[in-house]
file upload37.txt (compact mmCIF, C-alpha atoms and all ligand atoms)
# COMPACT_ATOMS: atom_id res chain seq x y z
CA MET A 798 59.43 -86.28 65.66
CA THR A 799 60.94 -84.92 62.46
CA ALA A 800 64.35 -84.66 64.13
CA ALA A 801 64.11 -88.33 65.20
CA ASN A 802 63.02 -89.31 61.68
CA LEU A 803 65.93 -87.38 60.18
CA ARG A 804 68.37 -89.16 62.49
CA SER A 805 66.91 -92.49 61.48
CA ALA A 806 67.01 -91.56 57.78
CA PHE A 807 70.62 -90.36 58.20
CA ALA A 808 71.51 -93.76 59.67
CA GLY A 809 69.67 -95.63 56.93
CA GLU A 810 71.34 -93.60 54.17
CA SER A 811 74.76 -93.95 55.79
CA MET A 812 74.37 -97.72 55.87
CA ALA A 813 73.13 -97.78 52.28
CA HIS A 814 76.19 -95.76 51.26
CA MET A 815 78.51 -98.37 52.79
CA ARG A 816 76.46 -101.41 51.80
CA TYR A 817 76.57 -100.36 48.15
CA MET A 818 80.36 -99.93 48.30
CA VAL A 819 80.69 -103.50 49.61
CA TRP A 820 78.31 -104.82 46.97
CA ALA A 821 80.20 -102.87 44.28
CA GLU A 822 83.38 -104.71 45.19
CA ARG A 823 81.54 -108.04 45.03
CA ALA A 824 80.07 -107.22 41.60
CA GLU A 825 83.55 -106.36 40.33
CA LEU A 826 84.89 -109.68 41.67
CA GLU A 827 82.11 -111.45 39.78
CA LYS A 828 83.15 -109.59 36.60
CA PHE A 829 80.16 -107.29 36.40
CA PRO A 830 82.07 -103.99 36.18
CA ASN A 831 79.05 -101.92 35.16
CA VAL A 832 77.00 -103.24 38.07
CA GLY A 833 79.95 -102.33 40.29
CA ARG A 834 79.99 -98.83 38.84
CA LEU A 835 76.23 -98.52 39.34
CA PHE A 836 76.60 -99.48 43.02
CA ARG A 837 79.44 -96.96 43.42
CA ALA A 838 77.46 -94.16 41.75
CA ILE A 839 74.35 -94.79 43.82
CA SER A 840 76.49 -95.09 46.94
CA ARG A 841 77.60 -91.49 46.23
CA ALA A 842 73.96 -90.42 45.95
CA GLU A 843 73.18 -92.01 49.34
CA GLN A 844 76.10 -90.05 50.79
CA ALA A 845 74.40 -86.89 49.51
CA HIS A 846 71.13 -87.94 51.18
CA ALA A 847 72.83 -88.68 54.50
CA THR A 848 74.60 -85.31 54.31
CA GLY A 849 71.35 -83.51 53.50
CA HIS A 850 69.51 -85.05 56.45
CA PHE A 851 72.42 -84.30 58.79
CA LYS A 852 72.45 -80.64 57.79
CA ALA A 853 68.64 -80.42 57.94
CA MET A 854 68.86 -81.18 61.68
CA GLY A 855 70.79 -77.93 62.10
CA GLY A 856 71.88 -77.35 65.66
CA VAL A 857 69.91 -80.26 67.16
CA GLY A 858 73.02 -82.07 68.34
CA GLY A 859 74.14 -84.45 71.02
CA ASP A 860 74.32 -88.18 71.44
CA PHE A 861 71.36 -90.28 70.41
CA LEU A 862 70.66 -93.95 70.14
CA VAL A 863 69.48 -94.31 66.53
CA ALA A 864 67.37 -97.12 65.15
CA ALA A 865 67.16 -97.62 61.40
CA GLY A 866 66.32 -100.45 59.08
CA GLY A 867 69.25 -101.61 57.00
CA GLY A 868 69.60 -104.63 54.75
CA PHE A 869 72.40 -107.11 55.40
CA GLY A 870 73.85 -109.97 53.41
CA TYR A 871 77.08 -110.45 51.48
CA SER A 872 75.85 -112.74 48.77
CA LYS A 873 76.07 -113.13 45.02
CA THR A 874 75.44 -110.01 42.97
CA SER A 875 71.97 -111.05 41.83
CA ASP A 876 70.87 -111.37 45.49
CA ASN A 877 72.63 -108.14 46.44
CA LEU A 878 70.75 -106.36 43.67
CA GLN A 879 67.47 -107.78 45.02
CA GLY A 880 68.42 -106.48 48.47
CA ALA A 881 69.09 -103.07 46.96
CA ILE A 882 65.76 -103.07 45.09
CA ASP A 883 63.86 -104.03 48.26
CA GLY A 884 65.57 -101.30 50.27
CA GLU A 885 64.94 -98.59 47.68
CA LEU A 886 61.28 -99.59 47.29
CA PHE A 887 60.76 -99.56 51.06
CA GLU A 888 62.08 -95.99 51.14
CA VAL A 889 59.92 -94.92 48.18
CA ASN A 890 56.69 -96.60 49.23
CA GLU A 891 56.75 -96.57 53.02
CA MET A 892 59.54 -94.81 54.86
CA TYR A 893 59.85 -91.43 53.16
CA PRO A 894 56.10 -90.96 52.52
CA ALA A 895 55.46 -91.50 56.26
CA TYR A 896 58.32 -89.22 57.32
CA LEU A 897 57.22 -86.57 54.83
CA GLU A 898 53.67 -86.52 56.23
CA VAL A 899 55.07 -85.84 59.70
CA ALA A 900 57.51 -83.18 58.44
CA LYS A 901 54.68 -81.42 56.60
CA ALA A 902 52.39 -81.51 59.68
CA GLN A 903 55.25 -80.01 61.68
CA LYS A 904 56.10 -77.45 58.96
CA GLU A 905 59.77 -78.53 59.04
CA ALA A 906 60.95 -76.98 55.77
CA ALA A 907 64.53 -78.31 55.83
CA GLY A 908 63.36 -81.84 56.58
CA ILE A 909 60.71 -81.68 53.87
CA ARG A 910 63.37 -80.61 51.40
CA SER A 911 65.99 -83.25 52.25
CA MET A 912 63.38 -86.03 52.29
CA THR A 913 61.84 -84.92 49.00
CA TYR A 914 65.30 -84.93 47.41
CA ALA A 915 65.86 -88.46 48.68
CA ILE A 916 62.55 -89.96 47.57
CA GLU A 917 62.97 -88.60 44.03
CA ALA A 918 66.39 -90.24 43.68
CA GLU A 919 65.33 -93.54 45.29
CA LYS A 920 62.70 -94.03 42.57
CA VAL A 921 65.45 -93.85 39.94
CA HIS A 922 67.71 -96.13 42.00
CA ALA A 923 65.04 -98.83 42.22
CA ALA A 924 64.52 -98.75 38.44
CA MET A 925 68.26 -98.83 37.67
CA TYR A 926 68.83 -101.77 40.00
CA GLN A 927 65.87 -103.65 38.50
CA LYS A 928 67.34 -103.23 35.02
CA ALA A 929 70.78 -104.36 36.22
CA LYS A 930 69.32 -107.44 37.93
CA LYS A 931 67.63 -108.51 34.68
CA ALA A 932 71.01 -108.41 32.91
CA VAL A 933 72.85 -110.26 35.69
CA ASP A 934 70.15 -112.94 35.85
CA SER A 935 70.70 -113.62 32.17
CA GLY A 936 74.45 -113.95 32.81
CA LYS A 937 75.45 -110.54 31.43
CA ASP A 938 76.85 -107.32 32.83
CA ALA A 939 74.43 -104.38 32.81
CA ALA A 940 74.46 -102.07 29.78
CA LEU A 941 75.23 -98.73 31.43
CA GLY A 942 76.34 -95.38 30.04
CA ASP A 943 77.85 -92.57 32.11
CA VAL A 944 76.05 -92.10 35.42
CA GLN A 945 75.66 -88.55 36.71
CA ILE A 946 75.19 -87.89 40.42
CA CYS A 947 74.21 -84.54 41.93
CA THR A 948 76.22 -84.28 45.16
CA VAL A 949 73.69 -81.82 46.60
CA CYS A 950 70.47 -83.84 46.32
CA GLY A 951 71.54 -87.26 45.07
CA TYR A 952 69.77 -86.89 41.71
CA THR A 953 70.88 -89.84 39.59
CA ALA A 954 70.71 -90.11 35.81
CA GLU A 955 72.30 -92.09 33.02
CA GLY A 956 73.66 -90.04 30.10
CA GLY A 957 75.20 -86.61 29.65
CA LEU A 958 75.90 -83.98 32.27
CA PRO A 959 72.91 -81.65 32.67
CA ASP A 960 73.43 -77.86 32.80
CA SER A 961 71.83 -77.84 36.21
CA CYS A 962 70.13 -80.36 38.45
CA PRO A 963 66.45 -80.81 37.54
CA ILE A 964 65.61 -81.51 41.19
CA CYS A 965 67.63 -79.03 43.28
CA LYS A 966 68.94 -76.64 40.55
CA ALA A 967 72.60 -77.15 41.55
CA LYS A 968 75.08 -76.21 38.81
CA LYS A 969 77.16 -78.64 36.77
CA ARG A 970 80.19 -78.33 39.03
CA PHE A 971 78.27 -80.07 41.83
CA PHE A 972 77.96 -83.23 39.76
CA VAL A 973 80.19 -86.29 39.86
CA THR A 974 80.34 -88.52 36.77
CA PHE A 975 80.82 -92.29 37.03
CA ALA A 976 82.07 -92.70 33.51
CA CYS A 977 81.73 -95.66 31.21
CA GLN A 978 85.17 -97.25 30.69
FE FE2 A 1001 69.02 -92.41 49.58
FE FE2 A 1002 68.79 -94.93 46.93
FE FE2 A 1003 70.48 -81.92 42.73
call {"tool": "encode", "arguments": {"input": "upload37.txt", "output": "structure tokens", "more": "lines below"}}
Ligand code: FE2
Ligand code: FE2
Ligand code: FE2
result
Amino acid sequence: MTAANLRSAFAGESMAHMRYMVWAERAELEKFPNVGRLFRAISRAEQAHATGHFKAMGGVGGDFLVAAGGGFGYSKTSDNLQGAIDGELFEVNEMYPAYLEVAKAQKEAAGIRSMTYAIEAEKVHAAMYQKAKKAVDSGKDAALGDVQICTVCGYTAEGGLPDSCPICKAKKRFFVTFACQ
């Protein structure tokens, strides 16, 4: 069951990665460059989650039909941000807690790790998107400093580069900065 959940989470994260790139472009077209940068940064974190889940499956390979929830809709940035908030909160409150219970019951250490990394980052993503939506809904771009992404676990933070990742302990060189222009 954990392998199936990891495949589904891989699919969900892969779609989130792409969806946020599309929504970044839309935000930039609407002249919200910081919202665009936020989407691009978080897209990079979702890539880290997808990669983590893929590796956690180890040698369990082959062709599978994969079902995963994924939000759709190419709309105005305010609506896209709401879609992003809904998706992140679903992962935080329903999807990953359920998957984690199963992974723990099955003592699947790699799955527990990659899912724990994801849920920690998704909480931050939801909060950052909520803040950005407030700005956009009042007709302004988001106020956003440098955004730091850990490419190992997807840890996401606004501000300076940490010496090491507080979640997975990866060193500075594993971070990507989405810098304020
Ligand atoms: Fe994610
Ligand atoms: Fe996320
Ligand atoms: Fe990390």
call {"tool": "atom_distance", "arguments": {"input": "upload37.txt", "atom1": "atom CA of A:Glu888", "atom2": "atom FE of ligand FE2 1001 (chain A)"}}
result
8.0 Å
call {"tool": "residues_near_ligand", "arguments": {"input": "upload37.txt", "ligand": "ligand FE2 1003 (chain A)", "cutoff": "6 Å", "atoms": "only C-alpha atoms and all ligand atoms", "output": "list of chain:residue names"}}
result
A:Cys947, A:Val949, A:Cys950, A:Gly951, A:Tyr952, A:Cys962, A:Ile964, A:Cys965, A:Lys966, A:Ala967
call {"tool": "closest_residue", "arguments": {"input": "upload37.txt", "among": "A:Leu862, A:Ala800, A:Ala906, A:Met925", "to": "ligand FE2 1002 (chain A)", "atoms": "all atoms listed in the file"}}
result
A:Met925
call {"tool": "residues_near_ligand", "arguments": {"input": "upload37.txt", "ligand": "ligand FE2 1002 (chain A)", "cutoff": "12 Å", "atoms": "only C-alpha atoms and all ligand atoms", "output": "JSON, numbers by chain"}}
result
{"A": [806, 809, 810, 811, 812, 813, 814, 815, 816, 817, 835, 836, 837, 838, 839, 840, 841, 842, 843, 844, 845, 846, 847, 880, 881, 882, 883, 884, 885, 886, 887, 888, 889, 893, 912, 914, 915, 916, 917, 918, 919, 920, 921, 922, 923, 924, 925, 926, 946, 950, 951, 952, 953]}
call {"tool": "closest_residue", "arguments": {"input": "upload37.txt", "among": "A:Lys937, A:Lys901, A:Lys828, A:His850", "to": "ligand FE2 1001 (chain A)", "atoms": "only C-alpha atoms and all ligand atoms"}}
result
A:His850
call {"tool": "atom_distance", "arguments": {"input": "upload37.txt", "atom1": "atom CA of A:Glu822", "atom2": "atom CA of A:Glu955"}}
result
20.7 Å
call {"tool": "closest_residue", "arguments": {"input": "upload37.txt", "among": "A:Ala864, A:Val899, A:Ala808, A:Val857", "to": "ligand FE2 1001 (chain A)", "atoms": "only C-alpha atoms and all ligand atoms"}}
result
A:Ala808
call {"tool": "closest_residue", "arguments": {"input": "upload37.txt", "among": "A:Ala824, A:Leu878, A:Leu897, A:Met892", "to": "ligand FE2 1001 (chain A)", "atoms": "all atoms listed in the file"}}
result
A:Met892
call {"tool": "atom_distance", "arguments": {"input": "upload37.txt", "atom1": "atom CA of A:Glu898", "atom2": "atom CA of A:Phe971"}}
result
29.2 Å
call {"tool": "closest_residue", "arguments": {"input": "upload37.txt", "among": "A:Ser961, A:Thr848, A:Ser911, A:Asn831", "to": "A:Asp943", "atoms": "all atoms listed in the file"}}
result
A:Asn831
call {"tool": "closest_residue", "arguments": {"input": "upload37.txt", "among": "A:Ala865, A:Phe807, A:Asn890, A:Gly856", "to": "ligand FE2 1001 (chain A)", "atoms": "all atoms listed in the file"}}
result
A:Phe807
call {"tool": "residues_around", "arguments": {"input": "upload37.txt", "residues": "A:Lys930", "least_positions_apart": "2", "cutoff": "8 Å", "atoms": "only C-alpha atoms", "output": "NGL selection string"}}
result
:A and (875 or 878-879 or 926-928 or 932-934 or 939)
